[in-house]
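Below is one structure, written out as structure tokens; the observations come after it.
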Amino acid sequence: MVLELKHSLVTIASNNLETLVIFYTNLLGKPKSYVPNIYAEFDIPGIILGIFKPKAAHEEEFKNATQSKMSLCLEVNKLEDAIAHLTNLGYPPPGTITTASHGREIYAYDPDGNRIILHQASK
């Protein structure tokens, strides 16, 4: 047996919700759903990205978390344009472009330190 799924949703917990909402709005566009200081949801091809502020009863669970092991991988048409966009937002990727078997990529980080992999596929 396998699960019958309707949608895929990736969520990020943050006590700095409004900062992340501004960052992802500038990166991805207006959220499809937004409740100030509680939740925002962005449509990304193939998934939905949700950002939420943990309820008080769960804050400790997220407060002591080390850097996330999850990466949000975004395939882009022009890697240099995506790097320029993040740089203009004030979050330039700290490293350099690397080449892998599947194309070129660079790591960037959102205001909470969650890793974003910008990827341009090989032609």
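Chain labels follow the order of the structure tokens: the first chain is A, the next B, and so on; residue numbering restarts at 1 in every chain, and ligands are counted from 1 in their shown order.
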
Could you go through chain A and tell me which residues DSSP, when run on the backbone, assigns to strand (DSSP E or B), listing them as an MDAnalysis selection string?
chainID A and resid 9:13 33:35 39:44 47:52 71:75 98:100 103:109 115:121

Go ahead and save the picked residues with N, CA and C atoms, as a compact mmCIF listing (two decimals), in the first residue's frame.
# COMPACT_ATOMS: atom_id res chain seq x y z
N LEU A 9 3.64 19.54 0.18
CA LEU A 9 3.81 20.78 0.93
C LEU A 9 5.08 20.66 1.76
N VAL A 10 5.94 21.64 1.63
CA VAL A 10 7.14 21.75 2.46
C VAL A 10 6.91 22.94 3.37
N THR A 11 7.18 22.79 4.67
CA THR A 11 6.98 23.91 5.59
C THR A 11 8.27 24.25 6.32
N ILE A 12 8.38 25.50 6.65
CA ILE A 12 9.50 26.03 7.43
C ILE A 12 8.92 26.69 8.66
N ALA A 13 9.40 26.29 9.82
CA ALA A 13 8.98 26.93 11.08
C ALA A 13 9.92 28.09 11.36
N SER A 33 -1.66 32.42 0.14
CA SER A 33 -2.41 32.48 1.38
C SER A 33 -1.52 33.16 2.41
N TYR A 34 -2.10 34.04 3.21
CA TYR A 34 -1.28 34.75 4.19
C TYR A 34 -2.13 35.17 5.38
N VAL A 35 -1.72 34.74 6.58
CA VAL A 35 -2.33 35.16 7.84
C VAL A 35 -1.19 35.77 8.64
N TYR A 39 0.94 32.34 9.35
CA TYR A 39 1.19 31.41 8.25
C TYR A 39 1.19 32.13 6.90
N ALA A 40 2.05 31.67 6.01
CA ALA A 40 2.05 32.12 4.62
C ALA A 40 2.31 30.91 3.74
N GLU A 41 1.73 30.92 2.56
CA GLU A 41 1.86 29.79 1.65
C GLU A 41 2.16 30.31 0.25
N PHE A 42 3.19 29.73 -0.37
CA PHE A 42 3.63 30.14 -1.70
C PHE A 42 3.49 28.96 -2.66
N ASP A 43 2.94 29.21 -3.85
CA ASP A 43 2.90 28.19 -4.89
C ASP A 43 4.21 28.19 -5.64
N ILE A 44 4.86 27.05 -5.68
CA ILE A 44 6.08 26.85 -6.45
C ILE A 44 5.78 25.66 -7.36
N ILE A 47 5.35 22.01 -5.85
CA ILE A 47 5.12 21.95 -4.40
C ILE A 47 4.48 23.25 -3.92
N ILE A 48 4.08 23.22 -2.68
CA ILE A 48 3.63 24.42 -1.99
C ILE A 48 4.60 24.64 -0.84
N LEU A 49 5.09 25.85 -0.69
CA LEU A 49 5.98 26.20 0.42
C LEU A 49 5.17 26.92 1.48
N GLY A 50 5.10 26.33 2.66
CA GLY A 50 4.41 26.96 3.77
C GLY A 50 5.41 27.44 4.81
N ILE A 51 5.17 28.60 5.37
CA ILE A 51 6.01 29.14 6.43
C ILE A 51 5.09 29.45 7.60
N PHE A 52 5.43 28.93 8.77
CA PHE A 52 4.54 29.14 9.90
C PHE A 52 5.32 29.53 11.14
N SER A 71 16.94 21.19 2.21
CA SER A 71 17.28 22.25 1.27
C SER A 71 16.09 22.47 0.34
N LEU A 72 15.79 23.71 0.07
CA LEU A 72 14.79 24.06 -0.92
C LEU A 72 15.54 24.23 -2.23
N CYS A 73 15.35 23.33 -3.17
CA CYS A 73 16.06 23.36 -4.44
C CYS A 73 15.15 23.99 -5.49
N LEU A 74 15.60 25.10 -6.06
CA LEU A 74 14.82 25.82 -7.07
C LEU A 74 15.57 25.79 -8.39
N GLU A 75 14.97 25.14 -9.39
CA GLU A 75 15.59 25.13 -10.71
C GLU A 75 15.24 26.43 -11.42
N THR A 98 29.13 25.87 -8.54
CA THR A 98 29.79 24.58 -8.76
C THR A 98 29.11 23.87 -9.92
N THR A 99 29.84 22.96 -10.52
CA THR A 99 29.30 22.17 -11.62
C THR A 99 29.18 20.73 -11.16
N ALA A 100 27.98 20.18 -11.31
CA ALA A 100 27.70 18.79 -10.96
C ALA A 100 27.26 18.08 -12.24
N GLY A 103 24.16 19.72 -13.73
CA GLY A 103 24.16 21.13 -14.11
C GLY A 103 24.97 21.98 -13.15
N ARG A 104 24.71 23.27 -13.17
CA ARG A 104 25.42 24.21 -12.30
C ARG A 104 24.51 24.60 -11.14
N GLU A 105 25.13 24.85 -9.98
CA GLU A 105 24.34 25.23 -8.81
C GLU A 105 25.15 26.07 -7.84
N ILE A 106 24.41 26.74 -6.97
CA ILE A 106 25.04 27.52 -5.91
C ILE A 106 24.11 27.47 -4.70
N TYR A 107 24.70 27.50 -3.52
CA TYR A 107 23.93 27.51 -2.28
C TYR A 107 23.72 28.95 -1.84
N ALA A 108 22.51 29.20 -1.36
CA ALA A 108 22.17 30.49 -0.76
C ALA A 108 21.40 30.18 0.52
N TYR A 109 21.13 31.21 1.30
CA TYR A 109 20.44 30.99 2.58
C TYR A 109 19.40 32.09 2.79
N ARG A 115 18.85 26.50 3.87
CA ARG A 115 19.59 26.44 2.61
C ARG A 115 18.65 26.41 1.41
N ILE A 116 18.99 27.23 0.43
CA ILE A 116 18.30 27.26 -0.87
C ILE A 116 19.36 26.88 -1.90
N ILE A 117 19.06 25.88 -2.71
CA ILE A 117 19.98 25.51 -3.78
C ILE A 117 19.37 26.05 -5.08
N LEU A 118 20.09 26.98 -5.70
CA LEU A 118 19.70 27.47 -7.01
C LEU A 118 20.39 26.59 -8.03
N HIS A 119 19.65 26.04 -8.96
CA HIS A 119 20.16 25.02 -9.87
C HIS A 119 19.77 25.38 -11.31
N GLN A 120 20.74 25.30 -12.21
CA GLN A 120 20.48 25.46 -13.64
C GLN A 120 20.90 24.16 -14.32
N ALA A 121 19.94 23.48 -14.92
CA ALA A 121 20.19 22.17 -15.52
C ALA A 121 21.13 22.30 -16.73

Tell me, as a PyMOL selection string, which residues lie within 8 Å of Leu20 (chain A), counting only C-alpha atoms; anything in the same chain fewer than 3 positions away does not count.
chain A and resi 14+16-17+23-24+51+110-112

Keeping only N, CA and C atoms, take the residues you just selected and write them out as an mmCIF file, in the first residue's frame.
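Final output, saved to out_22.cif:
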data_model
loop_
_atom_site.group_PDB
_atom_site.id
_atom_site.type_symbol
_atom_site.label_atom_id
_atom_site.label_comp_id
_atom_site.auth_asym_id
_atom_site.auth_seq_id
_atom_site.Cartn_x
_atom_site.Cartn_y
_atom_site.Cartn_z
ATOM 1 N N SER A 14 9.363 29.222 11.775
ATOM 2 C CA SER A 14 10.205 30.369 12.082
ATOM 3 C C SER A 14 9.542 31.276 13.101
ATOM 4 N N ASN A 16 10.684 34.171 13.220
ATOM 5 C CA ASN A 16 10.854 35.417 12.454
ATOM 6 C C ASN A 16 9.979 35.361 11.213
ATOM 7 N N LEU A 17 8.733 34.971 11.396
ATOM 8 C CA LEU A 17 7.824 34.733 10.276
ATOM 9 C C LEU A 17 7.761 35.904 9.311
ATOM 10 N N PHE A 23 11.045 38.046 2.651
ATOM 11 C CA PHE A 23 12.095 37.470 1.817
ATOM 12 C C PHE A 23 11.500 36.613 0.697
ATOM 13 N N TYR A 24 10.630 35.664 1.043
ATOM 14 C CA TYR A 24 10.079 34.766 0.027
ATOM 15 C C TYR A 24 9.106 35.482 -0.909
ATOM 16 N N ILE A 51 5.166 28.596 5.367
ATOM 17 C CA ILE A 51 6.015 29.144 6.427
ATOM 18 C C ILE A 51 5.090 29.449 7.597
ATOM 19 N N ASP A 110 18.240 31.692 3.346
ATOM 20 C CA ASP A 110 17.217 32.677 3.666
ATOM 21 C C ASP A 110 17.575 33.354 4.994
ATOM 22 N N PRO A 111 16.795 34.336 5.441
ATOM 23 C CA PRO A 111 17.140 35.047 6.675
ATOM 24 C C PRO A 111 17.263 34.173 7.924
ATOM 25 N N ASP A 112 16.638 33.000 7.943
ATOM 26 C CA ASP A 112 16.752 32.082 9.081
ATOM 27 C C ASP A 112 17.887 31.071 8.908
#

Looking at only C-alpha atoms, which of A:Ala84, A:Ile38, A:Val21, A:Asn26 is the one that sits closest to Ala56 (chain A)?
A:Ile38

Could you please write out, as number ranges by chain, every residue of region 10-91 of chain A that DSSP assigns to helix (DSSP H, G or I)?
A: 17-28, 56-63, 79-88

Any idea what the distance is between CA of Leu27 (chain A) and CA of Gly113 (chain A)?
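Those two atoms sit 15.1 Å apart.
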
Compare A:Lys32, A:His102, A:His7, A:His85 by their minimum atom-to-atom distance to Lys123 (chain A), counting only C-alpha atoms, and give me the closest one.
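Closest to Lys123 (chain A), using only C-alpha atoms: A:His102.
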
Measuring between only C-alpha atoms, which one of A:Gly90, A:Pro45, A:Pro54, A:Gly95 shows the shortest distance to Leu28 (chain A)?
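Result for the nearest residue to Leu28 (chain A): A:Pro45.
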